[in-house]
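S.K.: my_file_3.txt is reproduced below (compact mmCIF, C-alpha atoms).
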# COMPACT_ATOMS: atom_id res chain seq x y z
CA MET A 83 3.05 0.53 -16.27
CA ASN A 84 2.57 0.54 -12.50
CA VAL A 85 2.78 3.62 -10.31
CA LEU A 86 4.10 3.86 -6.78
CA ILE A 87 3.15 6.90 -4.70
CA LEU A 88 5.39 7.21 -1.65
CA CYS A 89 3.31 8.12 1.40
CA ALA A 90 4.97 6.10 4.16
CA GLY A 91 7.16 8.85 5.57
CA ARG A 92 6.56 10.19 9.06
CA GLY A 93 6.79 13.86 8.00
CA THR A 94 8.73 14.78 11.12
CA ARG A 95 9.93 18.11 9.71
CA LEU A 96 6.33 19.27 9.33
CA GLN A 97 4.90 17.92 12.56
CA THR A 98 4.93 21.29 14.32
CA VAL A 99 2.82 22.74 11.50
CA ILE A 100 0.38 19.95 10.57
CA GLY A 101 0.51 17.68 13.63
CA ASP A 102 -0.29 14.02 12.87
CA LEU A 103 -1.82 14.73 9.48
CA PRO A 104 0.09 12.72 6.85
CA LYS A 105 1.68 15.06 4.29
CA PRO A 106 -0.26 13.68 1.30
CA MET A 107 -3.43 14.72 3.12
CA ILE A 108 -2.55 18.43 3.13
CA LYS A 109 -5.27 20.25 1.24
CA PHE A 110 -4.81 22.87 -1.44
CA GLY A 111 -8.23 24.21 -2.27
CA SER A 112 -10.73 21.35 -2.16
CA TYR A 113 -8.24 18.58 -2.86
CA THR A 114 -5.45 16.88 -0.96
CA LEU A 115 -2.01 16.43 -2.51
CA LEU A 116 -2.72 12.73 -2.96
CA GLN A 117 -6.09 13.35 -4.65
CA ARG A 118 -4.38 15.76 -7.04
CA LEU A 119 -1.84 13.11 -8.04
CA LEU A 120 -4.55 10.45 -8.42
CA TYR A 121 -6.74 12.67 -10.60
CA GLU A 122 -3.87 13.00 -13.06
CA LEU A 123 -3.03 9.31 -13.11
CA ILE A 124 -6.28 7.42 -12.82
CA THR A 125 -7.53 7.93 -16.35
CA PHE A 126 -4.49 6.46 -18.10
CA ASP A 127 -5.23 3.04 -19.58
CA SER A 128 -1.48 2.46 -19.73
CA ILE A 129 -1.37 2.47 -15.93
CA SER A 130 -2.36 -0.92 -14.55
CA LYS A 131 -2.03 -0.39 -10.83
CA ILE A 132 -1.39 2.50 -8.53
CA TYR A 133 0.41 1.40 -5.38
CA ILE A 134 0.21 3.71 -2.40
CA ASN A 135 2.99 3.02 0.02
CA LEU A 136 1.88 3.48 3.65
CA SER A 137 3.09 2.70 7.11
CA ARG A 138 1.33 2.66 10.46
CA GLY A 139 -0.21 6.00 11.38
CA CYS A 140 -1.55 6.54 7.88
CA ALA A 141 -5.17 5.59 8.59
CA ALA A 142 -6.31 9.06 7.49
CA ILE A 143 -5.00 8.35 3.98
CA VAL A 144 -6.78 5.01 3.81
CA LYS A 145 -10.12 6.44 4.93
CA ASN A 146 -9.92 9.03 2.21
CA LEU A 147 -9.14 6.42 -0.46
CA VAL A 148 -11.90 3.98 0.34
CA LEU A 149 -14.43 6.74 -0.10
CA SER A 150 -13.14 7.46 -3.60
CA ASP A 151 -14.36 5.80 -6.78
CA TYR A 152 -10.89 4.64 -7.66
CA PHE A 153 -10.56 1.75 -5.27
CA PRO A 154 -10.21 -1.01 -7.89
CA LYS A 155 -7.04 0.42 -9.42
CA ILE A 156 -5.43 1.32 -6.11
CA GLN A 157 -3.35 -1.06 -4.06
CA ILE A 158 -1.93 -0.37 -0.64
CA LEU A 159 1.66 -1.36 -0.07
CA TYR A 160 1.99 -1.47 3.68
CA GLU A 161 5.13 -1.46 5.81
CA ASP A 162 4.87 -1.77 9.58
CA ASN A 163 7.99 0.33 9.91
CA PRO A 164 9.02 2.43 6.91
CA TRP A 165 11.74 0.79 4.83
CA GLY A 166 12.67 3.91 2.95
CA PRO A 167 11.70 4.66 -0.67
CA SER A 168 14.67 2.84 -2.23
CA LEU A 169 13.99 -0.56 -0.76
CA THR A 170 10.23 -0.37 -1.33
CA THR A 171 10.77 0.63 -4.96
CA PHE A 172 13.35 -2.12 -5.45
CA GLU A 173 11.04 -4.79 -4.01
CA LEU A 174 8.10 -3.69 -6.12
CA LEU A 175 10.16 -3.47 -9.30
CA LYS A 176 11.56 -6.93 -8.67
CA SER A 177 8.17 -8.51 -7.97
CA SER A 178 6.50 -7.28 -11.15
CA GLU A 179 7.11 -7.50 -14.87
CA GLN A 180 5.98 -3.93 -15.26
CA GLU A 181 7.72 -0.60 -15.60
CA LEU A 182 7.40 1.58 -12.56
CA LEU A 183 6.71 5.29 -12.17
CA VAL A 184 7.57 6.49 -8.66
CA ILE A 185 6.25 9.76 -7.23
CA HIS A 186 6.70 11.36 -3.83
CA GLY A 187 3.30 11.81 -2.19
CA ASP A 188 4.14 15.25 -0.82
CA LEU A 189 4.42 16.97 -4.20
CA LEU A 190 2.19 19.80 -5.36
CA LEU A 191 2.51 19.77 -9.14
CA GLU A 192 1.11 22.17 -11.67
CA SER A 193 -2.04 20.68 -13.21
CA GLY A 194 -1.38 18.65 -16.32
CA THR A 195 2.38 18.33 -15.82
CA LEU A 196 2.24 14.81 -14.41
CA SER A 197 -0.13 13.59 -17.09
CA ASN A 198 2.13 15.14 -19.76
CA PHE A 199 5.07 13.29 -18.23
CA VAL A 200 3.13 9.99 -18.32
CA SER A 201 1.98 10.63 -21.92
CA GLU A 202 5.57 11.17 -23.01
CA LEU A 203 6.67 8.02 -21.22
CA THR A 204 3.92 6.02 -22.89
CA GLN A 205 4.77 7.37 -26.34
CA ASN A 206 8.53 7.04 -26.07
CA GLN A 207 8.64 3.67 -24.29
CA ALA A 208 11.82 4.51 -22.41
CA GLU A 209 14.21 1.57 -21.97
CA ILE A 210 16.20 3.14 -19.17
CA ALA A 211 15.48 4.98 -15.92
CA LEU A 212 14.42 8.59 -15.89
CA LEU A 213 14.87 11.17 -13.17
CA SER A 214 12.87 14.37 -13.21
CA VAL A 215 15.00 17.39 -12.32
CA HIS A 216 14.53 21.11 -11.81
CA LYS A 217 16.94 23.99 -11.43
CA ARG A 218 17.97 25.48 -8.12
CA VAL A 219 20.59 28.03 -7.05
CA ILE A 220 23.66 26.08 -5.99
CA SER A 221 23.75 27.67 -2.53
CA ASP A 222 20.22 26.31 -1.82
CA ALA A 223 20.77 22.86 -3.28
CA SER A 224 21.34 19.84 -1.06
CA GLN A 225 22.55 17.88 -4.09
CA ILE A 226 23.65 18.35 -7.67
CA VAL A 227 22.51 16.05 -10.45
CA LYS A 228 25.39 16.22 -12.93
CA VAL A 229 24.13 15.72 -16.46
CA ASP A 230 26.13 15.31 -19.68
CA ASP A 231 25.26 16.92 -23.01
CA SER A 232 23.00 14.05 -24.05
CA GLY A 233 20.98 14.27 -20.82
CA LEU A 234 22.49 11.18 -19.20
CA VAL A 235 23.17 11.50 -15.49
CA GLU A 236 26.89 11.24 -14.73
CA ASN A 237 26.71 11.57 -11.00
CA ILE A 238 24.62 12.75 -8.07
CA VAL A 239 26.69 14.70 -5.53
CA TRP A 240 25.37 15.32 -2.05
CA ARG A 241 26.29 18.31 0.09
CA ARG A 242 26.13 16.20 3.25
CA ASN A 243 28.64 13.70 1.90
CA SER A 244 31.19 16.02 0.37
CA PRO A 245 30.71 19.64 1.44
CA LEU A 246 33.99 20.84 -0.04
CA ASP A 247 33.58 19.22 -3.43
CA PHE A 248 30.09 20.50 -3.54
CA VAL A 249 30.84 24.13 -2.93
CA VAL A 250 34.16 24.28 -4.71
CA ALA A 251 33.08 22.44 -7.86
CA GLU A 252 33.60 24.50 -10.98
CA LYS A 253 30.51 26.56 -10.28
CA LYS A 254 29.72 29.85 -8.60
CA GLN A 255 27.43 30.10 -5.56
CA SER A 256 24.76 31.94 -7.55
CA GLU A 257 24.73 29.50 -10.44
CA ASP A 258 21.78 27.17 -11.12
CA VAL A 259 22.20 23.42 -10.91
CA TYR A 260 19.88 20.48 -11.45
CA VAL A 261 18.34 18.77 -8.42
CA ASP A 262 15.98 15.82 -8.02
CA SER A 263 12.27 16.70 -8.57
CA GLY A 264 10.78 13.61 -6.91
CA VAL A 265 9.35 11.81 -9.96
CA TYR A 266 11.19 8.76 -11.31
CA PHE A 267 10.65 6.12 -13.95
CA PHE A 268 12.23 2.67 -14.04
CA ALA A 269 12.03 0.56 -17.19
CA HIS A 270 11.79 -3.07 -16.16
CA SER A 271 15.18 -3.79 -17.75
CA THR A 272 16.85 -1.51 -15.19
CA CYS A 273 15.90 -4.07 -12.56
CA ASN A 274 18.84 -6.23 -13.67
CA LEU A 275 21.25 -3.38 -12.97
CA LEU A 276 20.06 -2.79 -9.43
CA LYS A 277 21.28 -4.44 -6.27
CA ILE A 278 19.37 -4.40 -3.02
CA PRO A 279 19.68 -0.89 -1.54
CA GLY A 280 20.07 -0.04 2.14
CA LEU A 281 17.18 0.52 4.54
CA ASN A 282 15.89 4.08 4.88
CA THR A 283 17.63 5.44 1.82
CA GLY A 284 15.98 7.80 -0.65
CA ILE A 285 15.69 6.97 -4.35
CA SER A 286 18.40 9.40 -5.38
CA ASP A 287 20.93 8.16 -2.84
CA GLY A 288 19.96 4.46 -2.65
CA LEU A 289 18.94 3.43 -6.17
CA LEU A 290 19.91 6.03 -8.74
CA PRO A 291 23.68 6.05 -8.05
CA GLN A 292 23.65 2.38 -9.10
CA LEU A 293 22.53 3.47 -12.57
CA THR A 294 24.81 6.46 -13.21
CA ASN A 295 27.88 5.90 -15.35
CA LYS A 296 26.12 2.97 -16.99
CA GLY A 297 24.18 5.10 -19.45
CA ALA A 298 21.05 3.85 -17.74
CA LEU A 299 19.73 7.05 -16.14
CA LYS A 300 18.53 10.11 -17.97
CA ALA A 301 17.53 13.47 -16.48
CA ILE A 302 14.29 15.04 -17.69
CA PRO A 303 13.69 18.67 -16.73
CA TRP A 304 10.28 19.03 -15.05
CA LYS A 305 8.03 21.23 -17.15
CA GLY A 306 5.93 23.32 -14.80
CA LEU A 307 5.60 24.37 -11.20
CA ARG A 308 6.39 21.85 -8.46
CA PHE A 309 6.67 22.10 -4.72
CA ALA A 310 7.86 19.40 -2.35
CA ILE A 311 6.00 20.05 0.89
CA ASP A 312 8.55 18.75 3.38
CA THR A 313 9.14 21.77 5.63
CA GLY A 314 6.95 24.52 7.06
CA GLU A 315 8.73 27.05 4.84
CA LYS A 316 8.01 25.10 1.67
CA LEU A 317 4.38 24.62 2.69
CA GLU A 318 4.06 28.37 3.09
CA LEU A 319 5.72 28.96 -0.28
CA ALA A 320 3.40 26.46 -1.99
CA ARG A 321 0.33 28.02 -0.38
CA ARG A 322 1.40 31.44 -1.60
CA ALA A 323 1.88 30.13 -5.15
CA PHE A 324 -1.49 28.39 -4.98
CA GLU A 325 -3.18 31.66 -4.01
CA LEU A 326 -1.32 33.71 -6.62
CA TYR A 327 -1.80 31.30 -9.54
CA PRO A 328 -4.99 29.31 -8.84
CA GLU A 329 -5.46 28.56 -12.54
CA LYS A 330 -2.18 26.60 -12.59
CA PHE A 331 -3.48 24.17 -10.00
CA ARG A 332 -7.08 23.85 -11.15
CA ILE A 333 -8.41 20.28 -11.42
CA MET B 139 -2.57 -39.19 -7.77
CA LEU B 140 -3.30 -35.68 -9.02
CA ILE B 141 -5.31 -33.60 -6.60
CA ASN B 142 -7.49 -30.92 -8.12
CA HIS B 143 -6.83 -27.91 -5.90
CA GLU B 144 -9.64 -25.36 -5.85
CA PRO B 145 -9.43 -21.73 -4.74
CA ALA B 146 -11.32 -20.45 -1.71
CA ILE B 147 -12.54 -17.24 -0.17
CA PHE B 148 -11.07 -16.68 3.29
CA VAL B 149 -12.85 -14.15 5.47
CA ASP B 150 -12.27 -12.64 8.83
CA VAL B 151 -15.45 -12.34 10.92
CA ASP B 152 -15.51 -9.50 13.51
CA GLY B 153 -15.52 -6.26 11.52
CA THR B 154 -15.77 -8.13 8.21
CA LEU B 155 -18.76 -10.49 8.22
CA TRP B 156 -20.46 -8.70 11.11
CA PRO B 157 -19.75 -5.55 13.18
CA ASP B 158 -16.79 -5.61 15.54
CA LYS B 159 -18.22 -4.86 18.97
CA GLY B 160 -15.16 -6.09 20.82
CA PRO B 161 -14.49 -9.61 22.17
CA GLY B 162 -17.68 -11.66 22.05
CA SER B 163 -19.09 -9.91 18.95
CA ILE B 164 -19.98 -13.36 17.64
CA PHE B 165 -22.69 -13.66 20.32
CA HIS B 166 -24.47 -10.49 19.20
CA GLU B 167 -27.42 -10.73 16.86
CA ILE B 168 -26.33 -11.52 13.29
CA ASP B 169 -28.58 -11.53 10.24
CA LEU B 170 -27.34 -14.87 8.90
CA ARG B 171 -29.74 -14.84 5.98
CA ALA B 172 -28.41 -11.51 4.69
CA LEU B 173 -24.86 -12.63 5.36
CA SER B 174 -25.37 -15.88 3.44
CA SER B 175 -26.81 -13.94 0.53
CA GLN B 176 -23.74 -11.65 0.46
CA LEU B 177 -21.39 -14.62 0.52
CA GLN B 178 -23.36 -16.41 -2.18
CA ASP B 179 -23.18 -13.32 -4.42
CA LEU B 180 -19.44 -13.06 -3.83
CA CYS B 181 -18.92 -16.77 -4.59
CA ASN B 182 -20.90 -16.46 -7.80
CA SER B 183 -19.13 -13.33 -9.03
CA ALA B 184 -15.64 -14.65 -8.19
CA SER B 185 -16.47 -18.21 -9.38
CA ILE B 186 -15.12 -19.56 -6.11
CA HIS B 187 -17.28 -22.00 -4.26
CA ARG B 188 -15.76 -22.47 -0.82
CA VAL B 189 -15.72 -19.99 2.04
CA PHE B 190 -13.61 -20.30 5.18
CA ALA B 191 -13.96 -17.97 8.12
CA VAL B 192 -10.68 -17.54 10.01
CA SER B 193 -10.85 -15.67 13.26
CA ASN B 194 -9.03 -14.83 16.49
CA GLN B 195 -11.81 -15.51 19.01
CA THR B 196 -10.53 -14.34 22.38
CA CYS B 197 -13.85 -14.50 24.23
CA VAL B 198 -12.97 -17.86 25.86
CA ALA B 199 -9.46 -16.74 26.82
CA ARG B 200 -10.95 -13.60 28.33
CA GLY B 201 -13.47 -15.59 30.36
CA LEU B 202 -16.48 -14.14 28.53
CA CYS B 203 -17.84 -17.57 27.57
CA THR B 204 -16.91 -21.24 27.73
CA LEU B 205 -15.32 -23.13 24.88
CA GLU B 206 -18.51 -25.20 24.61
CA GLN B 207 -20.63 -22.06 24.23
CA LEU B 208 -18.32 -20.83 21.47
CA ARG B 209 -18.45 -24.22 19.71
CA VAL B 210 -22.24 -24.23 19.80
CA ARG B 211 -22.41 -20.69 18.44
CA VAL B 212 -19.93 -21.42 15.63
CA SER B 213 -21.86 -24.60 14.66
CA HIS B 214 -25.07 -22.60 14.61
CA ILE B 215 -23.51 -20.04 12.25
CA GLU B 216 -21.98 -22.74 10.00
CA ASP B 217 -25.24 -24.70 9.78
CA ASN B 218 -27.28 -21.62 8.98
CA ILE B 219 -24.98 -20.33 6.27
CA ARG B 220 -24.68 -23.82 4.73
CA SER B 221 -28.47 -24.12 4.71
CA TYR B 222 -28.52 -21.21 2.24
CA GLY B 223 -26.22 -23.14 -0.10
CA VAL B 224 -22.83 -21.68 0.79
CA LYS B 225 -19.99 -24.19 1.41
CA PHE B 226 -18.88 -22.60 4.64
CA ASP B 227 -16.46 -23.63 7.41
CA PHE B 228 -15.41 -21.59 10.42
CA ARG B 229 -11.95 -21.95 12.03
CA TYR B 230 -10.79 -19.99 15.00
CA CYS B 231 -7.90 -19.49 17.39
CA ILE B 232 -8.94 -19.34 21.04
CA HIS B 233 -5.55 -18.45 22.51
CA HIS B 234 -4.28 -15.12 23.75
CA PRO B 235 -0.83 -14.33 25.20
CA GLN B 236 -2.46 -12.36 28.05
CA ALA B 237 -5.53 -14.54 28.59
CA THR B 238 -7.26 -14.28 31.96
CA ASN B 239 -8.14 -17.95 31.56
CA ILE B 240 -4.69 -19.45 32.16
CA GLU B 241 -5.53 -22.59 30.13
CA TYR B 242 -5.51 -20.47 26.97
CA ARG B 243 -2.62 -18.15 27.82
CA ILE B 244 -0.39 -19.48 25.08
CA GLU B 245 1.96 -17.93 22.51
CA CYS B 246 0.36 -20.08 19.87
CA ASP B 247 1.16 -20.55 16.18
CA CYS B 248 -2.38 -20.06 14.97
CA ARG B 249 -3.35 -16.55 16.08
CA LYS B 250 -3.35 -14.03 13.22
CA PRO B 251 -1.10 -12.47 11.91
CA SER B 252 0.27 -16.01 11.83
CA PRO B 253 -0.67 -17.68 8.52
CA GLN B 254 -1.13 -21.05 10.23
CA MET B 255 -4.94 -21.26 10.19
CA VAL B 256 -5.01 -20.52 6.46
CA ILE B 257 -2.19 -22.98 5.75
CA ASP B 258 -3.87 -25.74 7.78
CA ILE B 259 -7.13 -25.24 5.90
CA SER B 260 -5.35 -25.30 2.55
CA ARG B 261 -3.77 -28.65 3.42
CA GLU B 262 -6.94 -30.19 4.83
CA PHE B 263 -9.20 -29.11 1.95
CA SER B 264 -6.63 -29.04 -0.89
CA ILE B 265 -7.02 -25.32 -1.47
CA ASP B 266 -4.98 -23.45 -4.06
CA LEU B 267 -3.90 -20.37 -2.10
CA ASN B 268 -2.42 -18.73 -5.16
CA ARG B 269 -5.92 -18.36 -6.66
CA SER B 270 -7.69 -17.70 -3.36
CA ILE B 271 -8.80 -14.39 -1.92
CA PHE B 272 -8.80 -13.05 1.62
CA ILE B 273 -11.14 -10.41 3.00
CA GLY B 274 -10.53 -8.79 6.37
CA ASP B 275 -10.53 -5.47 8.16
CA ARG B 276 -7.15 -5.36 9.92
CA ILE B 277 -3.56 -5.22 8.81
CA THR B 278 -3.06 -8.45 10.79
CA ASP B 279 -5.51 -10.15 8.39
CA ALA B 280 -3.46 -8.94 5.44
CA GLN B 281 -0.22 -10.05 7.07
CA SER B 282 -1.63 -13.50 7.76
CA ALA B 283 -2.94 -13.89 4.21
CA SER B 284 0.21 -12.55 2.61
CA ARG B 285 2.46 -14.91 4.55
CA ALA B 286 0.21 -17.82 3.61
CA GLY B 287 0.77 -16.97 -0.06
CA ILE B 288 -2.57 -15.39 -0.93
CA LYS B 289 -2.17 -12.69 -3.57
CA GLN B 290 -5.63 -11.13 -3.65
CA ILE B 291 -6.16 -9.47 -0.30
CA PHE B 292 -8.99 -7.05 0.39
CA LEU B 293 -9.50 -4.99 3.53
CA ILE B 294 -12.68 -3.20 4.48
CA TYR B 295 -11.84 0.17 5.97
CA ASN B 296 -11.85 0.21 9.76
CA GLU B 297 -10.52 3.01 11.95
CA LYS B 298 -8.53 0.45 13.90
CA MET B 299 -7.14 -1.27 10.83
CA PHE B 300 -3.50 -0.45 11.55
CA GLU B 301 -3.59 -1.14 15.27
CA PRO B 302 -1.17 -3.95 16.09
CA ASN B 303 -2.39 -6.90 18.09
CA ILE B 304 -0.38 -8.42 20.86
CA ASN B 305 1.90 -10.60 18.77
CA GLN B 306 2.17 -8.33 15.75
CA THR B 307 5.45 -6.82 16.80
CA ASP B 308 7.16 -10.12 16.03
CA GLU B 309 9.54 -9.34 13.18
CA LYS B 310 8.70 -12.53 11.31
CA TYR B 311 5.29 -10.97 10.61
CA THR B 312 6.23 -7.34 10.17
CA PHE B 313 9.35 -7.41 8.03
CA LYS B 314 7.54 -7.84 4.78
CA LEU B 315 5.73 -5.58 2.36
CA VAL B 316 2.04 -6.37 2.48
CA ASN B 317 0.06 -5.61 -0.60
CA PHE B 318 -3.73 -5.24 -0.31
CA ARG B 319 -6.67 -3.40 -1.78
CA LEU B 320 -9.23 -1.36 0.06
CA ILE B 321 -12.88 -2.14 -0.46
CA PRO B 322 -15.94 -0.35 0.88
CA SER B 323 -17.87 -3.59 1.63
CA ILE B 324 -18.29 -7.23 0.57
CA PRO B 325 -21.42 -6.53 -1.55
CA LEU B 326 -19.58 -3.77 -3.45
CA LEU B 327 -16.62 -6.08 -4.03
CA ALA B 328 -18.99 -8.74 -5.40
CA LYS B 329 -20.63 -6.18 -7.65
CA TYR B 330 -17.32 -4.91 -8.94
CA ILE B 331 -16.04 -8.42 -9.72
CA GLN B 332 -19.33 -9.22 -11.42
CA ASN B 333 -19.03 -6.15 -13.67
CA TYR B 334 -15.33 -6.22 -14.45
CA GLY B 335 -14.04 -9.68 -13.51
CA MET B 336 -11.35 -10.80 -11.11
CA LYS B 337 -8.65 -9.98 -13.65
CA SER B 338 -9.41 -6.27 -13.29
CA PHE B 339 -7.80 -6.50 -9.85
Would you put the structure from the file into structure tokens?
M.R.:
Amino acid sequence: MNVLILCAGRGTRLQTVIGDLPKPMIKFGSYTLLQRLLYELITFDSISKIYINLSRGCAAIVKNLVLSDYFPKIQILYEDNPWGPSLTTFELLKSSEQELLVIHGDLLLESGTLSNFVSELTQNQAEIALLSVHKRVISDASQIVKVDDSGLVENIVWRRNSPLDFVVAEKKQSEDVYVDSGVYFFAHSTCNLLKIPGLNTGISDGLLPQLTNKGALKAIPWKGLRFAIDTGEKLELARRAFELYPEKFRI
Amino acid sequence: MLINHEPAIFVDVDGTLWPDKGPGSIFHEIDLRALSSQLQDLCNSASIHRVFAVSNQTCVARGLCTLEQLRVRVSHIEDNIRSYGVKFDFRYCIHHPQATNIEYRIECDCRKPSPQMVIDISREFSIDLNRSIFIGDRITDAQSASRAGIKQIFLIYNEKMFEPNINQTDEKYTFKLVNFRLIPSIPLLAKYIQNYGMKSF
């Protein structure tokens, strides 16, 4: 299995808080977000290569990596101008015979949860694509991942595309729904089902909709705490959780 | 007739083989004995026995030296490194789109990130690019190698590694994913390959 960690984004929504620092370089305790992901992944023999997707302006990430002991397993996947996660993932999946685990580089995950996810993948040898999901109150969700009783994803509905459908649905405002958690797995066979996605599209709007309704995408609830650090508010929330529950994030 | 294509090690020079002190770095003092020893170790560990330096040398275009002075210096480096047993050739592009020396102010095909220097070498010396490796310190090195068809690309960390050069904005070079590995130094790469083999990459 190969891994792709998405770190090419410009992090514009956080620029007022962290300046030019790339999001994966935000530190929690002694370790950056990227180091935390790498620590969980690097020991798996089942992982052949870890691709880190970068674009210009990410020199800080590179400096940090070359000083680590992990350099042989790590490959840099460089884009002069970011393509968007969908297209990068598609290109990498197409160019390799390997399965691909894709992770957003701005995630703070509870220690052990990512390695548990990888262990389960390795044991179960999934033949389809998997999307990690977590629950969120419908009024706070920017999307709904609609899942059938067997866990297969029927549809991914976006608030920005269909505000009425989204709110009306058959749910109440206070009800929980599933949303994308930012960790994805693509069995190599799914490559045949995918067509080239658009530039600058995310995984859950560029690639995953191509797999729904084909029985080729399953939702897996994320077991443990996870924070996507993409706004100042979420950074603050994650920092508070880190202070309150240090044992959950211990490396 | 079947031609037996051999792989090669392609290396950038300024910032890779010796420190990058700006245009004209090639004229600074270089410990060629130590450099030859590093290259020999790398050749032995990778089981590749040809080394080609490929470089954008703008010192002539910038009026810092004459072409003859550059030729003499390059020959001196080649001869010295060969005298230590390394099969070594040095190719360079002397053009620059904003050269002060108008004779060399050319939008050429050879300046990296163009793959042309690597491709020309592969044709002249029957090099199998698919099994070759490239070592540099700039994203333009990786772009050049990748477009030439080299799969194993290594970059030594450099604070300026992502800075574009003058012709890097050309979409034919930039609209492509470039896949490379970071290495701390050439000796550490040689050591790693020696311990774990090329296949570990």
S.K.: Residues of chain B within 6 Å of chain A, using all atoms listed in the file, as a PyMOL selection string?
M.R.: chain B and resi 300+312+315-320+322
S.K.: What is the CA of Ser214 (chain A) to CA of Val229 (chain A) distance in Å?
M.R.: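 According to the coordinates, CA of Ser214 (chain A) and CA of Val229 (chain A) are separated by 11.8 Å.
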S.K.: Could you jot down the CA of Thr272 (chain A) to CA of Ile210 (chain A) separation for me, Å, one decimal place?
M.R.: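 A separation of 6.2 Å between them.
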S.K.: With all atoms listed in the file as the counted atoms, please give the residues lying no more than 7 Å from region 216-227 of chain A, apart from itself and same-chain residues fewer than 2 positions off, as a list in words.
M.R.: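 Using all atoms listed in the file, the neighbours found are Val229, Val235, Asn237, Ile238, Val239, Trp240, Arg241, Gln255, Ser256, Glu257, Asp258, Val259, Tyr260, Val261, Asp262, Ser263, Pro303 and Trp304 of chain A.
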S.K.: Using all atoms listed in the file, which protein or nucleic acid residues come within 9 Å of Phe292 (chain B)? Drop anything in the same chain fewer than 2 positions from it, and give the result as an MDAnalysis selection string.
M.R.: chainID B and resid 271:275 280 290 294 318:321 327
S.K.: Using Å and a single decimal, report how far CA of Ser112 (chain A) sits from CA of Pro325 (chain B).
M.R.: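 Between CA of Pro325 (chain B) and CA of Ser112 (chain A) the gap is 29.9 Å.
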S.K.: Name the closest residue to Tyr121 (chain A) among the candidates A:Ser193, A:Ala320, A:Ala298, A:Gly306; distances are taken between atoms, counting all atoms listed in the file.
M.R.: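 The shortest atom-to-atom distance to Tyr121 (chain A) comes from A:Ser193.
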S.K.: Tell me which of A:Asp102, A:Glu181, A:Asp312, A:Glu209 sits closest to Ile132 (chain A), counting only C-alpha atoms.
M.R.: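 Going through A:Asp102, A:Glu181, A:Asp312, A:Glu209 one by one, the smallest distance to Ile132 (chain A) is for A:Glu181.
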S.K.: Any idea what's packed within 6 Å of region 243-245 of chain B, counting all atoms listed in the file, ignoring anything in its chain fewer than 5 positions away? Could you give it as a ChimeraX atom specification?
M.R.: /B:233-237
S.K.: Using all atoms listed in the file, which protein or nucleic acid residues come within 12 Å of Ala184 (chain B)? Drop anything in the same chain fewer than 3 positions from it, and give the result as a compact mmCIF listing (two decimals) with C-alpha atoms, in the coordinates of the input.
M.R.:
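Result file follows (out_18.txt):
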# COMPACT_ATOMS: atom_id res chain seq x y z
CA PRO B 145 -9.43 -21.73 -4.74
CA ALA B 146 -11.32 -20.45 -1.71
CA ILE B 147 -12.54 -17.24 -0.17
CA LEU B 177 -21.39 -14.62 0.52
CA GLN B 178 -23.36 -16.41 -2.18
CA ASP B 179 -23.18 -13.32 -4.42
CA LEU B 180 -19.44 -13.06 -3.83
CA CYS B 181 -18.92 -16.77 -4.59
CA HIS B 187 -17.28 -22.00 -4.26
CA ARG B 188 -15.76 -22.47 -0.82
CA VAL B 189 -15.72 -19.99 2.04
CA ARG B 269 -5.92 -18.36 -6.66
CA SER B 270 -7.69 -17.70 -3.36
CA ILE B 271 -8.80 -14.39 -1.92
CA GLN B 290 -5.63 -11.13 -3.65
CA ILE B 324 -18.29 -7.23 0.57
CA PRO B 325 -21.42 -6.53 -1.55
CA LEU B 327 -16.62 -6.08 -4.03
CA ALA B 328 -18.99 -8.74 -5.40
CA LYS B 329 -20.63 -6.18 -7.65
CA TYR B 330 -17.32 -4.91 -8.94
CA ILE B 331 -16.04 -8.42 -9.72
CA GLN B 332 -19.33 -9.22 -11.42
CA ASN B 333 -19.03 -6.15 -13.67
CA TYR B 334 -15.33 -6.22 -14.45
CA GLY B 335 -14.04 -9.68 -13.51
CA MET B 336 -11.35 -10.80 -11.11
CA LYS B 337 -8.65 -9.98 -13.65
CA SER B 338 -9.41 -6.27 -13.29
CA PHE B 339 -7.80 -6.50 -9.85
S.K.: If you count all atoms listed in the file, which residues fall within 12 Å of Lys296 (chain A), apart from same-chain ones fewer than 3 positions away, as a ChimeraX atom specification?
M.R.: /A:210-211,234-237,272,275-276,290-293,299-300
S.K.: Of the residues B:Ser323, B:Ser221, B:Ser282, B:Asn268, which is the one nearest to Cys248 (chain B), using all atoms listed in the file?
M.R.: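 The closest residue to Cys248 (chain B) is B:Ser282.
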